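Visitor: Attaching a single structure in structure tokens format; questions to follow.
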Amino acid sequence: MLFNPQAYFKNGTLLLAIATIATLPVLAETANFGTLTLSRGFQPPTAVLRGSTGGSYSLSAIANADRHKNKCLGFATPTPDHIIVLQQKFSKLTIQVNSGGNDTTLLVQGGSAVRCGDDAGQNKDAGIVDSDWQAGSYRIWVGTVEPGVKSNYTISVQE
């Protein structure tokens with residue numbers, strides 16, 4: 001069977017499809033509550049994010065466990081709540097949720113690793129303390145132990 005280009009270019013549909021795909025802009029990754037860009041030496045009030053929980057998407061669908069074998073728990077939305085862009089490598093970062101003591105969870109994906117956090121100390125709010133944060137973009141989900149629970153929160157990031 002011979003290739004018949006006229007069959008593929010009937011009414012210019014294939015050509016139009018190729019032209020449309022070639023001219024589509026690259027879609028920027030979005031977050032429910034915005035993006036924060038950090039450089040080494042940032043001061044604490046600079047690194048505060050605000051949002052609210054309330055999804056029913058299981059975070060274990062993103063990862064069952066993180067790089068330290070901590071379970072990834074909780075429910076959030078499929079879209080990340082926040083994106084943090086690290087302009088340089090950080091040797092250590094602490095990410096802490098404050099929802100007034102509600103039972104939150106945390107999942108951070110980026111830099112070829114997943115990091116998950118649940119209760120931090122005696123507080124039911126989630127936190128992650130970890131080392132070796134490569135420069136790049138990190139997607140953050142703040143979840144709750146039960147699906148659909150609505151709660152306002154802040155996240156603080158510290159070196």
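Lettering and numbering for the structure tokens are positional, with chains as A, B, ... in the shown order, residues counted from 1 in each chain, and ligands counted from 1 in the shown order.
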Could you please write out, as a VMD selection string, every residue of region 104-136 of chain A that DSSP assigns to strand (DSSP E or B)?

Guide: chain A and resid 104 to 110 113 to 117 119 to 120 123 to 133 136

Visitor: Those residues with N, CA and C atoms, as a JSON list (two decimals), in the first residue's frame please?

Guide:
[["chain", "number", "residue", "atom", "x", "y", "z"],
["A", 104, "THR", "N", -3.04, 18.08, 60.24],
["A", 104, "THR", "CA", -2.63, 18.28, 58.85],
["A", 104, "THR", "C", -1.52, 17.32, 58.46],
["A", 105, "THR", "N", -1.35, 17.18, 57.14],
["A", 105, "THR", "CA", -0.25, 16.40, 56.57],
["A", 105, "THR", "C", 0.42, 17.28, 55.52],
["A", 106, "LEU", "N", 1.59, 16.85, 55.07],
["A", 106, "LEU", "CA", 2.37, 17.65, 54.14],
["A", 106, "LEU", "C", 3.07, 16.73, 53.16],
["A", 107, "LEU", "N", 3.05, 17.10, 51.88],
["A", 107, "LEU", "CA", 3.80, 16.38, 50.85],
["A", 107, "LEU", "C", 4.50, 17.42, 49.99],
["A", 108, "VAL", "N", 5.82, 17.24, 49.83],
["A", 108, "VAL", "CA", 6.64, 18.13, 49.01],
["A", 108, "VAL", "C", 7.30, 17.27, 47.94],
["A", 109, "GLN", "N", 7.10, 17.65, 46.67],
["A", 109, "GLN", "CA", 7.64, 16.89, 45.55],
["A", 109, "GLN", "C", 8.48, 17.82, 44.69],
["A", 110, "GLY", "N", 9.75, 17.44, 44.50],
["A", 110, "GLY", "CA", 10.62, 18.23, 43.65],
["A", 110, "GLY", "C", 12.07, 17.86, 43.90],
["A", 113, "ALA", "N", 12.94, 14.19, 44.47],
["A", 113, "ALA", "CA", 12.62, 13.53, 45.73],
["A", 113, "ALA", "C", 11.21, 13.91, 46.18],
["A", 114, "VAL", "N", 10.64, 13.04, 46.99],
["A", 114, "VAL", "CA", 9.38, 13.32, 47.67],
["A", 114, "VAL", "C", 9.68, 13.34, 49.15],
["A", 115, "ARG", "N", 9.11, 14.32, 49.85],
["A", 115, "ARG", "CA", 9.25, 14.43, 51.30],
["A", 115, "ARG", "C", 7.84, 14.53, 51.88],
["A", 116, "CYS", "N", 7.56, 13.73, 52.90],
["A", 116, "CYS", "CA", 6.23, 13.74, 53.51],
["A", 116, "CYS", "C", 6.35, 13.99, 55.00],
["A", 117, "GLY", "N", 5.37, 14.67, 55.55],
["A", 117, "GLY", "CA", 5.36, 14.96, 56.97],
["A", 117, "GLY", "C", 3.96, 14.84, 57.53],
["A", 119, "ASP", "N", 2.41, 14.68, 61.91],
["A", 119, "ASP", "CA", 2.49, 15.42, 63.16],
["A", 119, "ASP", "C", 3.93, 15.82, 63.49],
["A", 120, "ALA", "N", 4.08, 17.05, 63.94],
["A", 120, "ALA", "CA", 5.40, 17.56, 64.33],
["A", 120, "ALA", "C", 5.43, 17.72, 65.85],
["A", 123, "ASN", "N", 2.41, 18.73, 68.47],
["A", 123, "ASN", "CA", 1.45, 19.47, 67.66],
["A", 123, "ASN", "C", 0.88, 18.53, 66.60],
["A", 124, "LYS", "N", -0.41, 18.67, 66.26],
["A", 124, "LYS", "CA", -1.00, 17.84, 65.20],
["A", 124, "LYS", "C", -0.70, 18.39, 63.82],
["A", 125, "ASP", "N", -0.17, 19.62, 63.75],
["A", 125, "ASP", "CA", 0.19, 20.19, 62.45],
["A", 125, "ASP", "C", 1.44, 19.51, 61.90],
["A", 126, "ALA", "N", 1.48, 19.39, 60.58],
["A", 126, "ALA", "CA", 2.57, 18.69, 59.90],
["A", 126, "ALA", "C", 3.81, 19.56, 59.77],
["A", 127, "GLY", "N", 4.95, 18.91, 59.69],
["A", 127, "GLY", "CA", 6.20, 19.60, 59.45],
["A", 127, "GLY", "C", 7.21, 18.66, 58.81],
["A", 128, "ILE", "N", 8.15, 19.26, 58.10],
["A", 128, "ILE", "CA", 9.25, 18.50, 57.49],
["A", 128, "ILE", "C", 10.54, 19.24, 57.80],
["A", 129, "VAL", "N", 11.52, 18.51, 58.31],
["A", 129, "VAL", "CA", 12.88, 19.01, 58.48],
["A", 129, "VAL", "C", 13.75, 18.06, 57.69],
["A", 130, "ASP", "N", 14.46, 18.58, 56.69],
["A", 130, "ASP", "CA", 15.26, 17.69, 55.86],
["A", 130, "ASP", "C", 16.46, 18.43, 55.29],
["A", 131, "SER", "N", 17.41, 17.67, 54.80],
["A", 131, "SER", "CA", 18.64, 18.23, 54.22],
["A", 131, "SER", "C", 18.67, 17.98, 52.72],
["A", 132, "ASP", "N", 19.66, 18.59, 52.08],
["A", 132, "ASP", "CA", 19.94, 18.37, 50.66],
["A", 132, "ASP", "C", 18.79, 18.77, 49.76],
["A", 133, "TRP", "N", 18.42, 20.05, 49.80],
["A", 133, "TRP", "CA", 17.38, 20.61, 48.93],
["A", 133, "TRP", "C", 18.08, 21.21, 47.72],
["A", 136, "GLY", "N", 15.63, 24.45, 42.41],
["A", 136, "GLY", "CA", 14.56, 24.03, 41.52],
["A", 136, "GLY", "C", 13.20, 24.30, 42.10]]

Visitor: Taking 2 positions as the minimum chain separation for residues in the same chain, which residues sit within 7 Å of region 65-81 of chain A when counting only C-alpha atoms? Answer as a ChimeraX atom specification.

Guide: /A:31-33,53-60,63,105,107,113-116,139-147

Visitor: How would you write, as a list of chain:residue names, the set of residues in region 18-114 of chain A that DSSP gives as helix (DSSP H, G or I)?

Guide: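 Answer for region 18-114 of chain A, restricted to helix (DSSP H, G or I): A:Ile18, A:Ala19, A:Thr20, A:Ile21, A:Ala22, A:Thr23, A:Pro44, A:Pro45, A:Thr46, A:Leu59, A:Ser60, A:Ala61.
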
Visitor: Which residue, A:Asn64, A:Asn102, A:Phe90, A:Gln96, has the smallest gap to Ala47 (chain A) when you use only C-alpha atoms?

Guide: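 The closest residue to Ala47 (chain A) is A:Gln96.
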
Visitor: Please identify all polymer residues within 6 Å of region 149-155 of chain A, counting only C-alpha atoms, omitting same-chain residues fewer than 6 positions from it, and present them as a list in words.

Guide: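 Residues meeting the cut-off are Val48, Leu49, Arg50, Gly51, Ser52, Thr53, Gly54, Gln96, Val97, Asn98 and Ser99 of chain A.
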